[in-house]
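Participant: Dropping in entry37.csv, which is CSV, N, CA and C atoms:
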chain,number,residue,atom,x,y,z
K,1,MET,N,0.9,-1.2,0.0
K,1,MET,CA,0.0,0.0,0.0
K,1,MET,C,0.9,1.2,0.0
K,2,THR,N,0.6,2.2,-0.9
K,2,THR,CA,1.4,3.4,-1.0
K,2,THR,C,1.0,4.4,0.2
K,3,ASP,N,1.9,5.3,0.3
K,3,ASP,CA,1.7,6.4,1.3
K,3,ASP,C,0.5,7.2,1.0
K,4,TYR,N,0.2,7.4,-0.2
K,4,TYR,CA,-1.0,8.2,-0.6
K,4,TYR,C,-2.3,7.4,-0.3
K,5,GLU,N,-2.3,6.1,-0.5
K,5,GLU,CA,-3.4,5.3,-0.2
K,5,GLU,C,-3.7,5.2,1.3
K,6,MET,N,-2.6,5.1,2.1
K,6,MET,CA,-2.7,5.1,3.6
K,6,MET,C,-3.3,6.4,4.1
K,7,ARG,N,-2.8,7.6,3.5
K,7,ARG,CA,-3.4,8.9,3.9
K,7,ARG,C,-4.8,9.0,3.6
K,8,LYS,N,-5.2,8.5,2.4
K,8,LYS,CA,-6.6,8.6,1.9
K,8,LYS,C,-7.5,7.7,2.8
K,9,ILE,N,-7.1,6.6,3.2
K,9,ILE,CA,-7.8,5.7,4.1
K,9,ILE,C,-8.0,6.4,5.5
K,10,ALA,N,-6.9,6.9,6.0
K,10,ALA,CA,-6.9,7.6,7.3
K,10,ALA,C,-7.9,8.8,7.2
K,11,LYS,N,-7.9,9.6,6.1
K,11,LYS,CA,-8.8,10.7,6.0
K,11,LYS,C,-10.2,10.2,5.9
K,12,MET,N,-10.5,9.2,5.2
K,12,MET,CA,-11.9,8.6,5.2
K,12,MET,C,-12.3,8.2,6.6
K,13,GLN,N,-11.4,7.5,7.3
K,13,GLN,CA,-11.8,7.1,8.7
K,13,GLN,C,-12.1,8.3,9.6
K,14,ALA,N,-11.2,9.3,9.4
K,14,ALA,CA,-11.4,10.5,10.3
K,14,ALA,C,-12.8,11.2,9.9
K,15,MET,N,-13.1,11.2,8.6
K,15,MET,CA,-14.4,11.9,8.2
K,15,MET,C,-15.5,11.0,8.8
K,16,TYR,N,-15.4,9.7,8.7
K,16,TYR,CA,-16.5,8.8,9.2
K,16,TYR,C,-16.7,9.0,10.7
K,17,LEU,N,-15.5,9.1,11.4
K,17,LEU,CA,-15.6,9.3,12.9
K,17,LEU,C,-16.2,10.6,13.2
K,18,ALA,N,-15.8,11.7,12.5
K,18,ALA,CA,-16.3,13.0,12.8
K,18,ALA,C,-17.9,13.0,12.5
K,19,GLU,N,-18.3,12.4,11.5
K,19,GLU,CA,-19.8,12.3,11.2
K,19,GLU,C,-20.5,11.5,12.3
K,20,ALA,N,-19.9,10.4,12.7
K,20,ALA,CA,-20.5,9.6,13.8
K,20,ALA,C,-20.6,10.4,15.1
K,21,LEU,N,-19.6,11.2,15.4
K,21,LEU,CA,-19.6,12.0,16.6
K,21,LEU,C,-20.7,13.0,16.7
K,22,LYS,N,-21.1,13.5,15.5
K,22,LYS,CA,-22.1,14.5,15.4
K,22,LYS,C,-23.5,13.9,15.9
K,23,THR,N,-23.7,12.6,15.7
K,23,THR,CA,-25.0,12.0,15.9
K,23,THR,C,-25.0,11.0,17.0
K,24,ASP,N,-23.9,10.5,17.4
K,24,ASP,CA,-23.9,9.4,18.4
K,24,ASP,C,-23.3,9.8,19.7
K,25,ASP,N,-24.1,10.1,20.7
K,25,ASP,CA,-23.6,10.6,22.0
K,25,ASP,C,-22.8,9.5,22.7
K,26,GLU,N,-23.2,8.2,22.5
K,26,GLU,CA,-22.5,7.2,23.2
K,26,GLU,C,-21.1,7.0,22.7
K,27,LEU,N,-20.9,7.2,21.4
K,27,LEU,CA,-19.5,7.1,20.8
K,27,LEU,C,-18.8,8.3,21.3
K,28,MET,N,-19.4,9.5,21.3
K,28,MET,CA,-18.7,10.7,21.8
K,28,MET,C,-18.3,10.5,23.3
K,29,ASP,N,-19.1,9.9,24.1
K,29,ASP,CA,-18.7,9.6,25.5
K,29,ASP,C,-17.5,8.7,25.6
K,30,LEU,N,-17.4,7.8,24.6
K,30,LEU,CA,-16.2,6.9,24.7
K,30,LEU,C,-14.9,7.6,24.3
K,31,VAL,N,-15.1,8.5,23.3
K,31,VAL,CA,-13.9,9.2,22.8
K,31,VAL,C,-13.5,10.4,23.7
K,32,TYR,N,-14.5,11.1,24.2
K,32,TYR,CA,-14.3,12.2,25.1
K,32,TYR,C,-15.3,12.1,26.2
K,33,PRO,N,-14.9,11.6,27.4
K,33,PRO,CA,-15.8,11.4,28.5
K,33,PRO,C,-16.4,12.8,29.0
K,34,PRO,N,-17.7,12.8,29.4
K,34,PRO,CA,-18.3,14.0,29.8
K,34,PRO,C,-17.7,14.5,31.1
K,35,ARG,N,-17.6,15.8,31.3
K,35,ARG,CA,-17.2,16.4,32.6
K,35,ARG,C,-18.3,16.3,33.6
K,36,LEU,N,-18.1,15.7,34.7
K,36,LEU,CA,-19.2,15.7,35.7
K,36,LEU,C,-18.9,16.8,36.7
K,37,MET,N,-20.1,17.4,37.2
K,37,MET,CA,-20.0,18.6,38.1
K,37,MET,C,-21.0,18.4,39.2
K,38,ASN,N,-20.6,19.0,40.3
K,38,ASN,CA,-21.6,19.1,41.4
K,38,ASN,C,-22.5,20.4,41.2
K,39,ILE,N,-23.4,20.7,42.1
K,39,ILE,CA,-24.3,21.7,41.8
K,39,ILE,C,-23.6,23.1,41.7
K,40,GLU,N,-22.6,23.3,42.6
K,40,GLU,CA,-21.9,24.6,42.5
K,40,GLU,C,-21.2,24.8,41.2
K,41,GLU,N,-20.5,23.7,40.7
K,41,GLU,CA,-19.8,23.8,39.5
K,41,GLU,C,-20.8,24.0,38.3
K,42,ALA,N,-21.9,23.3,38.4
K,42,ALA,CA,-22.9,23.5,37.3
K,42,ALA,C,-23.5,24.9,37.3
K,43,ALA,N,-23.7,25.5,38.4
K,43,ALA,CA,-24.1,26.9,38.5
K,43,ALA,C,-23.1,27.8,37.9
K,44,GLU,N,-21.9,27.6,38.2
K,44,GLU,CA,-20.8,28.4,37.6
K,44,GLU,C,-20.7,28.2,36.1
K,45,TYR,N,-20.8,27.0,35.7
K,45,TYR,CA,-20.8,26.7,34.3
K,45,TYR,C,-21.9,27.4,33.5
K,46,LEU,N,-23.1,27.4,34.1
K,46,LEU,CA,-24.3,28.0,33.5
K,46,LEU,C,-24.4,29.5,33.7
K,47,ARG,N,-23.6,30.0,34.7
K,47,ARG,CA,-23.6,31.4,35.1
K,47,ARG,C,-24.9,31.8,35.7
K,48,ILE,N,-25.4,30.9,36.6
K,48,ILE,CA,-26.7,31.2,37.3
K,48,ILE,C,-26.5,30.8,38.7
K,49,PRO,N,-27.4,31.4,39.6
K,49,PRO,CA,-27.3,31.0,41.0
K,49,PRO,C,-27.6,29.6,41.3
K,50,VAL,N,-27.0,29.0,42.3
K,50,VAL,CA,-27.3,27.6,42.8
K,50,VAL,C,-28.8,27.5,43.1
K,51,SER,N,-29.4,28.5,43.6
K,51,SER,CA,-30.9,28.5,44.0
K,51,SER,C,-31.7,28.3,42.7
K,52,THR,N,-31.3,28.8,41.6
K,52,THR,CA,-32.1,28.7,40.4
K,52,THR,C,-32.0,27.2,39.9
K,53,ILE,N,-30.8,26.6,40.1
K,53,ILE,CA,-30.7,25.2,39.7
K,53,ILE,C,-31.6,24.3,40.5
K,54,TYR,N,-31.7,24.6,41.8
K,54,TYR,CA,-32.6,23.8,42.7
K,54,TYR,C,-34.1,24.1,42.2
K,55,GLN,N,-34.4,25.3,41.8
K,55,GLN,CA,-35.8,25.6,41.4
K,55,GLN,C,-36.1,24.9,40.1
K,56,LYS,N,-35.1,24.7,39.2
K,56,LYS,CA,-35.4,24.1,37.9
K,56,LYS,C,-34.8,22.7,37.8
K,57,ALA,N,-34.6,22.1,39.0
K,57,ALA,CA,-34.1,20.7,39.0
K,57,ALA,C,-34.9,19.7,38.2
K,58,ASN,N,-36.2,19.9,38.1
K,58,ASN,CA,-37.0,19.0,37.4
K,58,ASN,C,-36.8,19.2,35.9
K,59,GLU,N,-36.2,20.3,35.4
K,59,GLU,CA,-36.0,20.6,34.0
K,59,GLU,C,-34.6,20.3,33.6
K,60,ILE,N,-33.6,20.5,34.4
K,60,ILE,CA,-32.2,20.4,34.1
K,60,ILE,C,-31.8,18.9,34.2
K,61,PRO,N,-31.2,18.3,33.2
K,61,PRO,CA,-30.8,16.9,33.3
K,61,PRO,C,-29.7,16.7,34.4
K,62,HIS,N,-29.9,15.7,35.2
K,62,HIS,CA,-28.9,15.4,36.3
K,62,HIS,C,-29.2,14.0,36.7
K,63,GLU,N,-28.2,13.5,37.5
K,63,GLU,CA,-28.4,12.2,38.2
K,63,GLU,C,-28.3,12.5,39.7
K,64,LYS,N,-28.9,11.7,40.5
K,64,LYS,CA,-28.9,11.9,41.9
K,64,LYS,C,-28.0,10.7,42.4
K,65,VAL,N,-26.9,11.1,43.1
K,65,VAL,CA,-26.0,10.1,43.8
K,65,VAL,C,-26.1,10.4,45.3
K,66,GLY,N,-26.9,9.5,45.9
K,66,GLY,CA,-27.2,9.7,47.3
K,66,GLY,C,-28.0,10.9,47.4
K,67,LYS,N,-27.6,11.9,48.2
K,67,LYS,CA,-28.3,13.2,48.3
K,67,LYS,C,-27.8,14.3,47.4
K,68,ARG,N,-26.8,13.9,46.6
K,68,ARG,CA,-26.2,14.9,45.8
K,68,ARG,C,-26.7,14.9,44.3
K,69,LEU,N,-26.7,16.1,43.7
K,69,LEU,CA,-27.1,16.2,42.3
K,69,LEU,C,-25.8,16.2,41.5
K,70,VAL,N,-25.7,15.4,40.4
K,70,VAL,CA,-24.5,15.4,39.6
K,70,VAL,C,-24.9,15.8,38.1
K,71,PHE,N,-24.2,16.7,37.5
K,71,PHE,CA,-24.5,17.2,36.2
K,71,PHE,C,-23.4,16.9,35.2
K,72,SER,N,-23.7,16.7,34.0
K,72,SER,CA,-22.6,16.5,33.0
K,72,SER,C,-22.7,17.7,32.0
K,73,ASP,N,-21.5,18.1,31.5
K,73,ASP,CA,-21.4,19.2,30.6
K,73,ASP,C,-22.3,19.0,29.4
K,74,ARG,N,-22.3,17.8,28.9
K,74,ARG,CA,-23.1,17.5,27.7
K,74,ARG,C,-24.6,17.7,27.9
K,75,GLY,N,-25.0,17.2,29.1
K,75,GLY,CA,-26.4,17.3,29.4
K,75,GLY,C,-26.8,18.8,29.6
K,76,LEU,N,-26.0,19.6,30.2
K,76,LEU,CA,-26.3,21.0,30.3
K,76,LEU,C,-26.3,21.7,29.0
K,77,ILE,N,-25.3,21.3,28.1
K,77,ILE,CA,-25.3,22.0,26.8
K,77,ILE,C,-26.5,21.6,26.0
K,78,ARG,N,-26.9,20.3,26.0
K,78,ARG,CA,-28.1,19.8,25.3
K,78,ARG,C,-29.3,20.6,25.8
K,79,TRP,N,-29.4,20.7,27.2
K,79,TRP,CA,-30.6,21.4,27.8
K,79,TRP,C,-30.6,22.8,27.3
K,80,MET,N,-29.5,23.5,27.3
K,80,MET,CA,-29.4,24.9,26.8
K,80,MET,C,-29.9,25.1,25.4
K,81,LYS,N,-29.4,24.1,24.5
K,81,LYS,CA,-29.7,24.2,23.1
K,81,LYS,C,-31.2,23.9,22.8
K,82,HIS,N,-31.7,22.8,23.4
K,82,HIS,CA,-33.0,22.3,23.0
K,82,HIS,C,-34.2,22.8,23.9
K,83,ASP,N,-33.9,23.1,25.2
K,83,ASP,CA,-35.0,23.5,26.1
K,83,ASP,C,-35.0,25.0,26.4
K,84,GLY,N,-34.1,25.7,25.8
K,84,GLY,CA,-34.1,27.2,26.0
K,84,GLY,C,-34.0,27.6,27.5
K,85,CYS,N,-32.8,27.7,28.0
K,85,CYS,CA,-32.6,28.0,29.4
K,85,CYS,C,-32.3,29.5,29.7
K,86,VAL,N,-32.7,30.4,28.8
K,86,VAL,CA,-32.4,31.8,29.1
K,86,VAL,C,-33.2,32.2,30.4
K,87,MET,N,-32.4,32.4,31.4
K,87,MET,CA,-33.1,32.7,32.7
K,87,MET,C,-32.7,34.1,33.2
K,88,ASN,N,-31.6,34.6,32.7
K,88,ASN,CA,-31.2,36.0,33.1
K,88,ASN,C,-30.1,36.4,32.1
K,89,LYS,N,-29.7,37.7,32.2
K,89,LYS,CA,-28.7,38.2,31.3
K,89,LYS,C,-27.4,37.5,31.3
K,90,ARG,N,-27.0,36.9,32.4
K,90,ARG,CA,-25.7,36.3,32.5
K,90,ARG,C,-25.7,34.8,32.0
K,91,ALA,N,-26.9,34.3,31.7
K,91,ALA,CA,-26.9,32.9,31.2
K,91,ALA,C,-26.1,32.7,30.0
K,92,VAL,N,-25.6,31.5,29.8
K,92,VAL,CA,-24.7,31.2,28.7
K,92,VAL,C,-25.4,31.3,27.4
K,93,HIS,N,-26.6,30.8,27.3
K,93,HIS,CA,-27.4,30.7,26.1
K,93,HIS,C,-27.9,32.1,25.6
K,94,ILE,N,-27.7,32.4,24.3
K,94,ILE,CA,-28.3,33.7,23.8
K,94,ILE,C,-29.3,33.3,22.8
K,95,PRO,N,-30.5,33.8,22.9
K,95,PRO,CA,-31.6,33.4,22.0
K,95,PRO,C,-31.3,33.8,20.6
K,96,MET,N,-31.7,32.9,19.6
K,96,MET,CA,-31.4,33.2,18.2
K,96,MET,C,-32.2,34.4,17.7
K,97,SER,N,-33.3,34.8,18.3
K,97,SER,CA,-34.1,35.9,17.8
K,97,SER,C,-33.5,37.2,18.1
K,98,ARG,N,-32.5,37.2,19.0
K,98,ARG,CA,-31.8,38.5,19.4
K,98,ARG,C,-30.8,38.8,18.3
K,99,LYS,N,-30.9,40.0,17.7
K,99,LYS,CA,-30.0,40.4,16.7
K,99,LYS,C,-28.8,41.2,17.2
K,100,VAL,N,-27.6,40.8,16.8
K,100,VAL,CA,-26.4,41.5,17.2
K,100,VAL,C,-25.8,42.2,16.0
K,101,MET,N,-25.6,43.5,16.2
K,101,MET,CA,-25.1,44.3,15.1
K,101,MET,C,-23.7,44.7,15.4
How would this structure read if it were set down as structure tokens?
Facilitator:
Amino acid sequence: MTDYEMRKIAKMQAMYLAEALKTDDELMDLVYPPRLMNIEEAAEYLRIPVSTIYQKANEIPHEKVGKRLVFSDRGLIRWMKHDGCVMNKRAVHIPMSRKVM
């Protein structure tokens, strides 16, 4: 096999993997494990008060480990994109209808 053929195969595999990562969360978790956070870290990540997370706990994806709430960065990002979490001016998500000039 020539050098050119090996590079072409590697490029095709990279493109296939990139496409799979766009659609397959499980594969993404294998390649890049999610960052797990406690409630204080999640509040800092979202730039909202801890009290707001407690108020919206039924909406924000999380797992309960004993008495503690555990959040993943992917779950928070998915929640922001799909469920619209604009809660205040400091929130990470900016609505698409807002025009920036």
Participant: Find the spatial neighbours of Arg35 (chain K), counting only N, CA and C atoms, within a cut-off of 6.5 Å - ignore same-chain residues fewer than 4 positions away - and output them as a list in words.
Facilitator: Phe71, Ser72, Asp73 and Arg74 of chain K
Participant: Have a look at K:Glu5, K:His82, K:Leu69, K:Tyr32 and name the one nearest to Ala57 (chain K); count only C-alpha atoms.
Facilitator: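 Distance minimum relative to Ala57 (chain K) lands on K:Leu69.
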Participant: Given only C-alpha atoms as the basis, pick out the residue of K:Ile53, K:Ala43, K:Met37, K:Ile77 nearest to Val65 (chain K).
Facilitator: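 Counting only C-alpha atoms, the residue closest to Val65 (chain K) is K:Met37.
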Participant: To one decimal place in Å, what is the distance between atom C of Trp79 (chain K) and atom N of Leu46 (chain K)?
Facilitator: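 Result for atom C of Trp79 (chain K) versus atom N of Leu46 (chain K): 11.1 Å, one decimal.
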Participant: Taking into account only C-alpha atoms, which residue in the set K:Gln55, K:Tyr4, K:Leu36, K:Ile60 is nearest to Leu76 (chain K)?
Facilitator: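 Smallest separation from Leu76 (chain K) among the options: K:Ile60.
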